[in-house]
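See structure below.
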Amino acid sequence: MSEALLVQEAGAAPAVAPASGARSFWRRLRAQRAASAAALVVLLLVLTALAAPLLTALAGQDPNTYHPDLVDSAAGGVPIGSFGGVSSEHWLGVEPQTGRDLFARIVYGARVSLGVALVATALQIALGLVIGLAAALGSRWLDQLLGRITDINVALPVMVIALALLAIVPAAFPRPVLIALVIGGIGWSGMSKIVRAQALTLKSLDFVAAARLSGRGTWSVARRELLPSLAAPVITYAALAFPTNIIVEAALSFLGVGIKPPTPSWGQMLTEADTWYQAAPTYLLIPAGLLFVTVLALTVLGEGVRTALDPRAASRLRVGTRTGGKEESA
């Protein structure tokens, strides 16, 4: 369902980037207040993730040090103090039972969640581009073969396949890398369908035909002529797929097959907080709230990127609004 929505949204982008260039794109993107605010939130999250060692050093904490003196063992490990043990030393409180600093685990968890989603999205784009271009530019039998493989991939239950793969891989394999490879290796079909459809349209245009008549090879034409024209749908799909991949990583960690302790992850923290939502509600609300804000900001930013790349969408929206207003006033 989510992949179908991504294909529908990304497919609305034009096959050829607007002639006004990158400057016009940035101007249209900045003109959208919601997208600008979302971009600021995403930038702050990225900077926080990158600066996690510096921020935890300023706080004088690290994500894996236990503080048993900060939890009430008689009460089952509930943090001592108000709001989960918030203090001048522990800015967001501490983790139940272990007493580990919650702020340190949150900022290091941001690195894992954003990093996994970024690598998975990059892998989806790379596989989708290669397979989509091969289907569009190759022979008929290759197009049919790749089309059947793509259809099978679309029909696969992503979460079930991911759970099975993550369960059988040895624990020694780095878990964040494995999750990124699984998500990216399964979720490329939407990008492939978009690239194939756009490439088939572009293949019939004069500038591509001229390049092929000049003697260039198939992949040379794809690299020099098609890829620049595919920038708009690819960027749009990436912007919409990124928040989806964050949700998938969090869901896998929540189900217990994602990031393993002691490496912090927002989804893993939600799993551990499942039994503490009454005794220590901040332990659940903080990672859940950050996950919600991150996905919302990335989704709004992705929609803003799509609109900026296709200014006709904003024009249609404004025209429809004015028309609706006149009809209502009449």
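Each chain in the structure tokens gets a letter, A, B, ..., in the order shown, and its residues are numbered from 1; ligands are numbered from 1 in order too.
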Quiz item: Among segment 72-201 of chain A, which residues carry a DSSP assignment of strand (DSSP E or B), reported as a VMD selection string?
Solution: chain A and resid 72 78 to 79 94 101
Written file, previous selection with N, CA and C atoms, as a PDB file, in the first residue's frame:
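And here is the file that came out, result-v9.pdb:
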ATOM      1  N   ASP A  72      15.035   3.330  41.040  1.00  0.00           N
ATOM      2  CA  ASP A  72      14.540   2.754  42.287  1.00  0.00           C
ATOM      3  C   ASP A  72      14.353   1.250  42.090  1.00  0.00           C
ATOM      4  N   VAL A  78      12.177   1.974  38.311  1.00  0.00           N
ATOM      5  CA  VAL A  78      11.617   3.246  37.849  1.00  0.00           C
ATOM      6  C   VAL A  78      12.622   4.363  38.128  1.00  0.00           C
ATOM      7  N   PRO A  79      12.844   5.279  37.181  1.00  0.00           N
ATOM      8  CA  PRO A  79      13.775   6.387  37.431  1.00  0.00           C
ATOM      9  C   PRO A  79      13.372   7.210  38.651  1.00  0.00           C
ATOM     10  N   VAL A  94      16.537   9.440  32.507  1.00  0.00           N
ATOM     11  CA  VAL A  94      17.310   8.215  32.339  1.00  0.00           C
ATOM     12  C   VAL A  94      16.379   7.076  31.955  1.00  0.00           C
ATOM     13  N   ASP A 101      21.645   7.303  30.193  1.00  0.00           N
ATOM     14  CA  ASP A 101      21.183   8.652  29.870  1.00  0.00           C
ATOM     15  C   ASP A 101      20.300   8.630  28.624  1.00  0.00           C
TER      16      ASP A 101
END
Practice problem: Do a neighbour search on segment 174-180 of chain A at 10 Å with only C-alpha atoms, toss out local chain neighbours closer than 2 positions, and write the hits as a ChimeraX atom specification. | Solution: /A:112-113,115-124,162-163,165-166,169-172,182-185,245,248-249,252-253,257-260,263,265
Practice problem: Please identify which residues in segment 74-311 of chain A DSSP calls alpha helix (DSSP H) from the backbone, and express them as a ChimeraX atom specification. | Solution: /A:102-137,140-155,158-168,175-186,189-203,206-213,218-221,227-229,231-254,266-272,281-309,311
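Minimum distance to Leu291 of chain A across A:Ala136, A:Val195, A:Leu45, A:Ala126 (counting only C-alpha atoms) occurs at A:Leu45.
For Ile194 of chain A, the set of protein, DNA and RNA residues having any atom at most 9 Å away, when counting only C-alpha atoms and skipping those fewer than 3 positions along the same chain, is Val7, Ala10, Gly11, Gly128, Leu129, Gly132, Ser189, Gly190, Met191, Ala197, Gln198, Ala199, Pro233, Val234 and Tyr237 of chain A.
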Exercise. Could you give me, as a ChimeraX atom specification, the residues within 6 Å of segment 48-59 of chain A, counting only C-alpha atoms and dropping anything in the same chain fewer than 5 positions from it?
Key: /A:104,107-108,110-111
Print the selection's residues with N, CA and C atoms to a file, as a PDB file, in the first residue's frame.
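See again06.pdb below for the written result:
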ATOM      1  N   ALA A 104      21.508  10.929  25.514  1.00  0.00           N
ATOM      2  CA  ALA A 104      22.586  10.321  24.732  1.00  0.00           C
ATOM      3  C   ALA A 104      22.057   9.215  23.828  1.00  0.00           C
ATOM      4  N   VAL A 107      20.066  10.844  20.755  1.00  0.00           N
ATOM      5  CA  VAL A 107      20.844  11.445  19.669  1.00  0.00           C
ATOM      6  C   VAL A 107      21.640  10.381  18.912  1.00  0.00           C
ATOM      7  N   TYR A 108      22.113   9.358  19.614  1.00  0.00           N
ATOM      8  CA  TYR A 108      22.788   8.268  18.902  1.00  0.00           C
ATOM      9  C   TYR A 108      21.780   7.414  18.139  1.00  0.00           C
ATOM     10  N   ALA A 110      19.212   8.619  16.666  1.00  0.00           N
ATOM     11  CA  ALA A 110      18.919   9.372  15.441  1.00  0.00           C
ATOM     12  C   ALA A 110      19.920   9.022  14.346  1.00  0.00           C
ATOM     13  N   ARG A 111      21.173   8.813  14.719  1.00  0.00           N
ATOM     14  CA  ARG A 111      22.184   8.439  13.718  1.00  0.00           C
ATOM     15  C   ARG A 111      21.825   7.108  13.067  1.00  0.00           C
TER      16      ARG A 111
END
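Residue nearest Ala288 of chain A, chosen from A:Ala35, A:Ala211, A:Ala232, A:Ala251 and counting only C-alpha atoms: A:Ala251.
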